[in-house]
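For reference, query_9.csv (CSV, C-alpha atoms):
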chain,number,residue,atom,x,y,z
A,1,MET,CA,-24.2,9.4,-7.8
A,2,THR,CA,-20.6,8.6,-8.9
A,3,TYR,CA,-17.6,10.4,-7.6
A,4,THR,CA,-14.1,10.1,-8.9
A,5,PRO,CA,-11.4,11.1,-6.4
A,6,LYS,CA,-8.6,13.3,-7.8
A,7,LYS,CA,-6.5,14.1,-4.7
A,8,CYS,CA,-6.6,13.1,-1.1
A,9,GLY,CA,-4.6,14.9,1.6
A,10,ILE,CA,-4.5,15.9,5.2
A,11,CYS,CA,-4.9,19.2,7.0
A,12,PHE,CA,-3.1,19.4,10.4
A,13,GLN,CA,-4.9,22.4,11.8
A,14,PRO,CA,-7.8,21.6,12.4
A,15,PRO,CA,-7.2,17.9,11.8
A,16,ALA,CA,-9.1,16.8,8.7
A,17,ILE,CA,-8.9,14.6,5.6
A,18,VAL,CA,-9.4,16.7,2.5
A,19,LEU,CA,-10.7,15.0,-0.7
A,20,ILE,CA,-10.8,16.7,-4.1
A,21,TYR,CA,-13.2,14.8,-6.3
A,22,ARG,CA,-15.0,15.0,-9.6
A,23,ASP,CA,-18.8,14.9,-9.4
A,24,ASP,CA,-19.7,13.0,-12.6
A,25,LYS,CA,-23.3,13.8,-12.4
A,26,GLU,CA,-22.9,17.6,-12.4
A,27,ASP,CA,-19.5,17.5,-14.2
A,28,LYS,CA,-17.8,19.6,-11.5
A,29,THR,CA,-14.7,19.4,-9.4
A,30,ARG,CA,-15.5,19.7,-5.7
A,31,GLN,CA,-13.7,19.6,-2.3
A,32,ARG,CA,-14.9,17.6,0.7
A,33,ILE,CA,-13.4,18.2,4.2
A,34,MET,CA,-13.9,15.4,6.6
A,35,PRO,CA,-12.9,16.4,10.2
A,36,VAL,CA,-10.9,14.0,12.3
A,37,ARG,CA,-12.4,13.7,15.7
A,38,ASN,CA,-11.3,11.7,18.8
A,39,PHE,CA,-7.9,10.9,17.4
A,40,SER,CA,-4.7,11.1,19.4
A,41,THR,CA,-1.2,9.8,19.4
A,42,PHE,CA,-2.4,6.6,21.0
A,43,SER,CA,-5.1,5.8,18.3
A,44,ASP,CA,-4.9,3.0,15.9
A,45,CYS,CA,-4.4,4.4,12.3
A,46,SER,CA,-5.8,1.3,10.5
A,47,LEU,CA,-8.9,1.2,12.6
A,48,ALA,CA,-9.5,5.0,12.2
A,49,ALA,CA,-9.1,4.6,8.4
A,50,GLU,CA,-11.6,1.7,8.3
A,51,GLN,CA,-14.1,3.7,10.3
A,52,LEU,CA,-13.8,6.7,8.0
A,53,LYS,CA,-14.1,4.6,4.9
A,54,ASN,CA,-17.2,2.8,6.2
A,55,ASN,CA,-18.8,6.0,7.6
A,56,PRO,CA,-22.2,6.3,5.8
A,57,GLY,CA,-21.7,10.0,5.3
A,58,HIS,CA,-18.4,9.6,3.5
A,59,LYS,CA,-18.6,6.1,2.0
A,60,ALA,CA,-19.7,7.2,-1.4
A,61,TYR,CA,-16.9,9.7,-1.7
A,62,LEU,CA,-14.2,7.4,-0.5
A,63,GLU,CA,-14.9,4.4,-2.7
A,64,GLY,CA,-12.1,5.2,-5.0
A,65,VAL,CA,-9.6,6.0,-2.2
A,66,SER,CA,-7.5,3.0,-1.0
A,67,LEU,CA,-7.5,2.0,2.6
A,68,ARG,CA,-3.7,2.2,2.5
A,69,GLN,CA,-3.7,5.8,1.5
A,70,LEU,CA,-6.1,6.7,4.4
A,71,GLN,CA,-3.9,4.8,6.8
A,72,LYS,CA,-0.9,6.8,5.6
A,73,LEU,CA,-2.7,10.1,6.1
A,74,TYR,CA,-3.7,9.0,9.6
A,75,THR,CA,-0.1,8.0,10.3
A,76,LEU,CA,1.1,11.4,9.2
A,77,LEU,CA,-1.5,13.1,11.5
A,78,LYS,CA,-0.4,10.8,14.4
A,79,GLY,CA,3.2,11.9,13.8
A,80,HIS,CA,2.2,15.5,13.7
A,81,LEU,CA,0.3,15.2,17.0
A,82,GLY,CA,3.4,13.5,18.5
A,83,GLY,CA,5.6,16.5,17.5
A,84,GLU,CA,7.3,15.0,14.5
A,85,SER,CA,7.9,17.0,11.3
A,86,LEU,CA,6.3,15.9,8.1
A,87,ALA,CA,9.6,14.6,6.7
A,88,GLU,CA,10.2,12.5,9.8
A,89,SER,CA,6.7,11.1,9.7
A,90,LEU,CA,7.0,10.2,6.0
A,91,GLU,CA,10.4,8.6,6.5
A,92,LYS,CA,9.0,6.5,9.4
A,93,PHE,CA,6.0,5.5,7.3
A,94,GLN,CA,8.3,4.5,4.4
A,95,GLN,CA,10.4,2.3,6.8
A,96,GLY,CA,7.3,0.5,7.9
A,97,GLU,CA,6.2,0.0,4.3
A,98,THR,CA,9.4,-1.5,3.0
A,99,ILE,CA,10.3,-5.2,3.4
A,100,ASP,CA,13.7,-6.3,4.4
A,101,PRO,CA,14.6,-9.4,2.4
A,102,GLU,CA,16.9,-10.6,5.2
A,103,GLU,CA,14.1,-10.4,7.8
A,104,ASP,CA,12.9,-13.7,9.2
A,105,MET,CA,9.1,-13.5,8.9
A,106,ASN,CA,8.6,-16.7,10.9
A,107,LYS,CA,9.3,-14.7,14.0
A,108,LEU,CA,6.6,-12.1,13.3
A,109,ASP,CA,3.3,-12.0,15.0
A,110,ASP,CA,0.1,-12.5,13.0
A,111,LYS,CA,-0.7,-8.8,12.7
A,112,GLU,CA,2.8,-7.8,11.4
A,113,LEU,CA,2.9,-10.8,9.1
A,114,ALA,CA,-0.5,-9.9,7.5
A,115,LYS,CA,0.8,-6.3,7.0
A,116,ARG,CA,4.0,-7.6,5.3
A,117,LYS,CA,1.9,-9.9,3.1
A,118,SER,CA,-0.4,-7.1,2.0
A,119,ILE,CA,2.6,-4.9,1.2
A,120,MET,CA,4.0,-7.8,-1.0
A,121,ASP,CA,0.6,-8.3,-2.6
A,122,GLU,CA,0.3,-4.6,-3.5
A,123,LEU,CA,3.9,-4.6,-4.9
A,124,PHE,CA,3.1,-7.7,-6.9
A,125,GLN,CA,-0.1,-6.2,-8.4
A,126,LYS,CA,1.7,-3.0,-9.3
A,127,ASN,CA,4.5,-4.8,-11.1
A,128,ARG,CA,2.4,-7.5,-12.7
A,129,LYS,CA,2.2,-7.7,-16.5
A,130,LYS,CA,-1.4,-8.3,-17.7
A,131,LYS,CA,-2.5,-9.5,-21.1
A,132,ASP,CA,-3.9,-6.1,-21.9
A,133,ASP,CA,-0.6,-4.3,-21.2
A,134,PRO,CA,1.1,-2.9,-24.4
A,135,ASP,CA,4.5,-4.4,-23.4
A,136,PHE,CA,3.1,-7.9,-22.5
A,137,ILE,CA,5.0,-10.8,-24.1
A,138,TYR,CA,3.4,-14.2,-23.8
A,139,ASP,CA,6.4,-16.6,-23.9
A,140,ILE,CA,9.7,-15.0,-22.7
A,141,GLU,CA,12.9,-17.0,-23.1
A,142,VAL,CA,15.9,-15.7,-21.3
A,143,GLU,CA,19.5,-16.9,-21.6
A,144,PHE,CA,21.5,-16.4,-18.4
A,145,PRO,CA,25.2,-15.8,-18.9
A,146,GLN,CA,27.5,-18.4,-17.4
A,147,ASP,CA,30.8,-16.7,-16.7
A,148,GLU,CA,32.1,-19.4,-14.4
A,149,GLN,CA,31.9,-23.1,-14.3
A,150,LEU,CA,28.9,-24.3,-12.4
A,151,GLU,CA,29.6,-26.1,-9.1
A,152,SER,CA,28.0,-29.5,-8.6
A,153,CYS,CA,26.2,-30.1,-5.4
A,154,GLY,CA,27.0,-33.0,-3.2
A,155,TRP,CA,23.3,-33.9,-2.6
A,156,ASP,CA,22.7,-34.0,-6.4
A,157,VAL,CA,25.5,-36.5,-7.1
A,158,GLU,CA,24.5,-38.7,-4.2
A,159,SER,CA,20.8,-38.9,-5.2
A,160,GLY,CA,21.7,-39.8,-8.7
A,161,GLU,CA,23.8,-42.8,-7.6
A,162,GLU,CA,21.0,-44.3,-5.5
A,163,ILE,CA,18.5,-44.5,-8.3
Please lay out the structure from this file as structure tokens.
Amino acid sequence: MTYTPKKCGICFQPPAIVLIYRDDKEDKTRQRIMPVRNFSTFSDCSLAAEQLKNNPGHKAYLEGVSLRQLQKLYTLLKGHLGGESLAESLEKFQQGETIDPEEDMNKLDDKELAKRKSIMDELFQKNRKKKDDPDFIYDIEVEFPQDEQLESCGWDVESGEEI
């Protein structure tokens, strides 16, 4: 059986993940409610998302739903259980998903670094131009404007004299 997810959301009372999907075999749109059990403000959202996605009862339905989206839904639920409003939870999630270009990633632990790398990979894949895209151009040549005189670097001049 093949299922095509259309929408995926969260219900706060009672806590549940709601999936609206298209059943391709019967050509019908259906709704599946997956209750969230044993989840608290101290639970790990990524672990809970992985467990739900790998659950044998829900696995076929959640194939087309990204793990990142499930993590986001669990993060919103965690914020709701902690007393935050939906807007506060969304803002907090967005801050965790954006990358500060001034941040020194050498000082991050392995888990945080892996998270930042996955965010960068996802952003790269989203912005990537593929050969099949209608606006794909094979060989792009760009002329950069030079308003000011270019400064020569000291290390460049010195290395040229030694050779």
### Query
At what distance in Å, to one decimal, does atom CA of A:Cys11 lie from atom CA of A:Ser89?
14.4 Å
### Task
Neighbourhood query: residues within 12 Å of (1.6, -4.3, 2.8), file coordinates, counting all atoms listed in the file; return as a VMD selection string.
chain A and resid 67 to 69 71 to 72 93 to 99 111 to 125
### Query
Counting all atoms listed in the file, what is within 10 Å of A:Gln31, bar same-chain residues fewer than 2 positions away, as a list in words?
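The filter keeps Pro5, Lys6, Lys7, Cys8, Val18, Leu19, Ile20, Tyr21, Arg22, Asp23, Thr29, Ile33 and Met34 of chain A.
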### Message
Would you compute the distance between atom CA of A:Lys25 and atom CA of A:Glu50? Give it in Å to one decimal.
### Response
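That distance, rounded to one decimal, is 26.7 Å.
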Any idea what's packed within 12 Å of A:Pro15, counting all atoms listed in the file, ignoring anything in its chain fewer than 2 positions away? Could you give it as a PDB file with C-alpha atoms, in the frame of the given file?
ATOM      1  CA  GLY A   9      -4.600  14.900   1.600  1.00  0.00           C
ATOM      2  CA  ILE A  10      -4.500  15.900   5.200  1.00  0.00           C
ATOM      3  CA  CYS A  11      -4.900  19.200   7.000  1.00  0.00           C
ATOM      4  CA  PHE A  12      -3.100  19.400  10.400  1.00  0.00           C
ATOM      5  CA  GLN A  13      -4.900  22.400  11.800  1.00  0.00           C
ATOM      6  CA  ILE A  17      -8.900  14.600   5.600  1.00  0.00           C
ATOM      7  CA  VAL A  18      -9.400  16.700   2.500  1.00  0.00           C
ATOM      8  CA  ILE A  33     -13.400  18.200   4.200  1.00  0.00           C
ATOM      9  CA  MET A  34     -13.900  15.400   6.600  1.00  0.00           C
ATOM     10  CA  PRO A  35     -12.900  16.400  10.200  1.00  0.00           C
ATOM     11  CA  VAL A  36     -10.900  14.000  12.300  1.00  0.00           C
ATOM     12  CA  ARG A  37     -12.400  13.700  15.700  1.00  0.00           C
ATOM     13  CA  ASN A  38     -11.300  11.700  18.800  1.00  0.00           C
ATOM     14  CA  PHE A  39      -7.900  10.900  17.400  1.00  0.00           C
ATOM     15  CA  SER A  40      -4.700  11.100  19.400  1.00  0.00           C
ATOM     16  CA  LEU A  73      -2.700  10.100   6.100  1.00  0.00           C
ATOM     17  CA  TYR A  74      -3.700   9.000   9.600  1.00  0.00           C
ATOM     18  CA  LEU A  76       1.100  11.400   9.200  1.00  0.00           C
ATOM     19  CA  LEU A  77      -1.500  13.100  11.500  1.00  0.00           C
ATOM     20  CA  LYS A  78      -0.400  10.800  14.400  1.00  0.00           C
ATOM     21  CA  HIS A  80       2.200  15.500  13.700  1.00  0.00           C
ATOM     22  CA  LEU A  81       0.300  15.200  17.000  1.00  0.00           C
TER      23      LEU A  81
END
### Task
Show which residues sit within 12 Å of A:Lys59, as a VMD selection string. Count all atoms listed in the file, and ignore same-chain residues fewer than 3 positions away.
chain A and resid 1 to 3 34 49 to 56 62 to 67
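Note that the spacing between atom CA of A:Asp44 and atom CA of A:Gly79 amounts to 12.2 Å.
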